[in-house]
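The structure under discussion appears below in the form of structure tokens.
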Amino acid sequence: MPELPEVVVTLRGVLPHIEGKRVTDVIVRNGKLRWPVPEGLSVLLKSKRLLSGRQRAKYMLFQFDHGHLMIHLGMSGNLRIVDISVTPEKHDHVDVVFDDRIALRFTDPRRFGSVLWVDDEPAQHRLLQNLGPEPFEDYINGRYLYDLSRGKTTSVKQFLMDNQIVVGVGNIYANESLFLSGIRPKKAAGRVSKKSYDLLADNIKTVLGRAIEQGGTTLKDFVGNEGKPGYFKQELYVYGRGGQPCLNCKDILKEVRLGQRSTVYCPSCQK
DNA sequence: CAGCGCCCCTGCCCGC
DNA sequence: TGCGGGCAGGGGCGCT
């Protein structure tokens with residue numbers, strides 16, 4: 001479900017309901033996530049006030065005066081606000097309960113997501129310290145991508161999805177930005193021209209920005225703000241469209257695997 | 001060190 | 001209808 005737009009949409013949807021409120025309890029029904037949910041999270045958070053929330057890469061950081069609750073949605077994770085009277089279902093693993101009887105409910109069938117506690121500066125955390133910049137930073141441009149890619153033999157798609165280069169670009173948006181930029185996904189990153197990277201940098205921002213505006217991309221069951229699905233699916237050119245005609249030139253879109261991920265491109269439009 | 005596969009896990013869809 | 005195989009929006013880690 002979540003690439004950066006879905007994380008942003010989720011955070012925006014959830015935050016107004018809980019910001020400034022006190023935690024009364026944390027209920028962990030299944031703590032076996034990507035990383036174990038820390039023991040004693042409830043003791044740690046009880047009666048503490050949630051000060052603010054922000055996003056870093058695909059992580060959500062909920063700030064308290066003594067640290068941050070750090071949540072990652074993995075592949076199938078979802079975070080929403082529920083009234084505590086709503087009976088938890090099979091994959092509702094964690095509830096952070098607030099003083100007005102609402103809960104921040106973490107659901108994740110595949111359990112690739114994580115719910116962690118960070119004592120000190122989040123940027124120093126081992127899972128965050130090696131992350132590259134956010135895609136909307138001004139200095140993420142063609143020059144930046146071009147310079148970092150020199151000499152790299154890995155595909156431009158995998159380069160783009162490398163969190164040390166730029167964060168937040170997952171499989172959907174990598175496919176889409178490469179299509180819009182006319183770049184073939186399997187082309188070696190080090191052999192892509194400066195002009196192409198100029199286009200690519202712009203298109204990454206355009207695609208991610210537009211996806212956020214549209215409330216994310218709902219493939220299966222993602223719901224963001226106010227329970228609404230994401231409408232960006234309607235604007236996908238290639239992702240999930242292998243074998244179908246290119247919306248630009250009608251040629252049949254090809255689907256290949258790159259780094260174990262499905263990769264779709266137009267053999268005519270992408271060189 | 002860069003690059004590549006594996007793996008964590010459940011659900012769903014497809015073909016036999 | 002049942003079952004096996006493959007695939008799914010991520011990413012850390014170990015190996016070459």
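Ligands are numbered from 1 in the order shown, residues from 1 within each chain, and chains are lettered A, B, ... in the order they appear in the structure tokens.
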
Counting only C-alpha atoms (C1' of nucleotides), which residues of chain A come no farther than 9 Å from chain B, as number ranges by chain?
A: 33-34, 109-112, 152-154, 259-260

Distance cut-off 9 Å, counting only C-alpha atoms (C1' of nucleotides) - which residues of chain A neighbour chain C? Return them as a PyMOL selection string.
chain A and resi 1-3+73-76+112-113+127+170-172+217-219

For range 180-189 of chain A, work out the shell of residues within 6 Å, counting only C-alpha atoms (C1' of nucleotides) and skipping chain neighbours fewer than 5 positions away, then give it as an MDAnalysis selection string.
chainID A and resid 149 152:157 199:200 269:271

With C-alpha atoms retained, write the just-selected residues as a PDB file, in the first residue's frame.
ATOM      1  CA  SER A 149      24.667   7.806 -10.841  1.00  0.00           C
ATOM      2  CA  LYS A 152      26.699   2.856 -11.593  1.00  0.00           C
ATOM      3  CA  THR A 153      25.851  -0.303 -13.503  1.00  0.00           C
ATOM      4  CA  THR A 154      22.614  -0.999 -11.666  1.00  0.00           C
ATOM      5  CA  SER A 155      19.413  -0.232 -13.536  1.00  0.00           C
ATOM      6  CA  VAL A 156      18.091   3.295 -13.387  1.00  0.00           C
ATOM      7  CA  LYS A 157      14.903   1.942 -11.820  1.00  0.00           C
ATOM      8  CA  LEU A 199      13.206  15.179 -16.771  1.00  0.00           C
ATOM      9  CA  LEU A 200      13.203  12.355 -14.268  1.00  0.00           C
ATOM     10  CA  CYS A 269       8.208   5.603 -25.696  1.00  0.00           C
ATOM     11  CA  GLN A 270      11.021   4.594 -23.348  1.00  0.00           C
ATOM     12  CA  LYS A 271      14.558   4.402 -24.684  1.00  0.00           C
TER      13      LYS A 271
END

Among range 2-166 of chain A, which residues carry a DSSP assignment of strand (DSSP E or B), reported as a PDB file with C-alpha atoms, in the first residue's frame?
ATOM      1  CA  ARG A  22      -3.034  12.142  25.845  1.00  0.00           C
ATOM      2  CA  VAL A  23      -2.443   8.449  25.493  1.00  0.00           C
ATOM      3  CA  THR A  24      -4.384   6.347  27.971  1.00  0.00           C
ATOM      4  CA  ASP A  25      -3.216   2.935  26.819  1.00  0.00           C
ATOM      5  CA  VAL A  26      -1.369   0.999  24.152  1.00  0.00           C
ATOM      6  CA  ILE A  27      -2.780  -2.393  23.228  1.00  0.00           C
ATOM      7  CA  VAL A  28      -0.451  -4.750  21.395  1.00  0.00           C
ATOM      8  CA  LYS A  32       5.620  -9.787  15.880  1.00  0.00           C
ATOM      9  CA  PRO A  36       9.292  -6.688  17.503  1.00  0.00           C
ATOM     10  CA  ARG A  49       0.731  13.912  25.261  1.00  0.00           C
ATOM     11  CA  SER A  52       3.119  16.476  16.708  1.00  0.00           C
ATOM     12  CA  GLY A  53       3.677  14.124  13.830  1.00  0.00           C
ATOM     13  CA  ARG A  54       5.799  14.181  10.725  1.00  0.00           C
ATOM     14  CA  GLN A  55       6.991  11.987   7.917  1.00  0.00           C
ATOM     15  CA  ARG A  56      10.529  10.935   7.086  1.00  0.00           C
ATOM     16  CA  TYR A  59       8.218   6.384   8.273  1.00  0.00           C
ATOM     17  CA  MET A  60       5.774   8.331  10.392  1.00  0.00           C
ATOM     18  CA  LEU A  61       7.227   9.953  13.498  1.00  0.00           C
ATOM     19  CA  PHE A  62       4.848  10.808  16.318  1.00  0.00           C
ATOM     20  CA  GLN A  63       6.570  13.108  18.752  1.00  0.00           C
ATOM     21  CA  PHE A  64       6.186  12.964  22.533  1.00  0.00           C
ATOM     22  CA  GLY A  67      10.848  10.452  22.271  1.00  0.00           C
ATOM     23  CA  HIS A  68       9.093   9.405  19.104  1.00  0.00           C
ATOM     24  CA  LEU A  69       6.750   6.609  18.161  1.00  0.00           C
ATOM     25  CA  MET A  70       8.005   5.501  14.755  1.00  0.00           C
ATOM     26  CA  ILE A  71       5.639   3.652  12.443  1.00  0.00           C
ATOM     27  CA  HIS A  72       6.311   2.084   9.056  1.00  0.00           C
ATOM     28  CA  ASN A  78      -2.615   0.758   7.366  1.00  0.00           C
ATOM     29  CA  LEU A  79      -3.147   3.287  10.101  1.00  0.00           C
ATOM     30  CA  ARG A  80      -6.511   4.764  10.924  1.00  0.00           C
ATOM     31  CA  ILE A  81      -8.575   6.371  13.631  1.00  0.00           C
ATOM     32  CA  VAL A  82     -11.307   4.259  15.177  1.00  0.00           C
ATOM     33  CA  ASP A  83     -13.671   4.581  18.096  1.00  0.00           C
ATOM     34  CA  ASP A  92      -5.399  -5.102  13.875  1.00  0.00           C
ATOM     35  CA  HIS A  93      -2.144  -5.543  15.760  1.00  0.00           C
ATOM     36  CA  VAL A  94      -1.681  -2.330  17.717  1.00  0.00           C
ATOM     37  CA  ASP A  95      -4.010   0.328  19.180  1.00  0.00           C
ATOM     38  CA  VAL A  96      -2.720   3.546  20.657  1.00  0.00           C
ATOM     39  CA  VAL A  97      -5.683   4.671  22.718  1.00  0.00           C
ATOM     40  CA  PHE A  98      -6.291   8.355  23.440  1.00  0.00           C
ATOM     41  CA  ILE A 102     -10.465   6.995  20.016  1.00  0.00           C
ATOM     42  CA  ALA A 103      -7.590   4.819  18.981  1.00  0.00           C
ATOM     43  CA  LEU A 104      -4.877   5.012  16.390  1.00  0.00           C
ATOM     44  CA  ARG A 105      -5.189   1.516  14.987  1.00  0.00           C
ATOM     45  CA  PHE A 106      -2.329  -0.202  13.152  1.00  0.00           C
ATOM     46  CA  THR A 107      -3.412  -2.972  10.790  1.00  0.00           C
ATOM     47  CA  SER A 114       6.869  -1.765  12.240  1.00  0.00           C
ATOM     48  CA  VAL A 115       5.922   0.112  15.393  1.00  0.00           C
ATOM     49  CA  LEU A 116       9.009   1.280  17.251  1.00  0.00           C
ATOM     50  CA  TRP A 117      10.055   3.643  19.992  1.00  0.00           C
ATOM     51  CA  VAL A 118      12.903   6.084  19.460  1.00  0.00           C
ATOM     52  CA  SER A 155      19.413  -0.232 -13.536  1.00  0.00           C
TER      53      SER A 155
END

CA of Leu51 in chain A and CA of Leu11 in chain A are how many Å apart?
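These atoms are spaced 13.8 Å apart.
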
Please measure the separation of CA of Tyr265 in chain A and CA of Arg210 in chain A, giving the value in Å to one decimal.
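Spanning CA of Tyr265 in chain A to CA of Arg210 in chain A is a straight-line distance of 20.2 Å.
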
Could you state the separation of CA of Val192 in chain A and CA of Glu213 in chain A in Å, given to one decimal place?
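Atom-to-atom, CA of Val192 in chain A and CA of Glu213 in chain A are spaced 29.6 Å apart.
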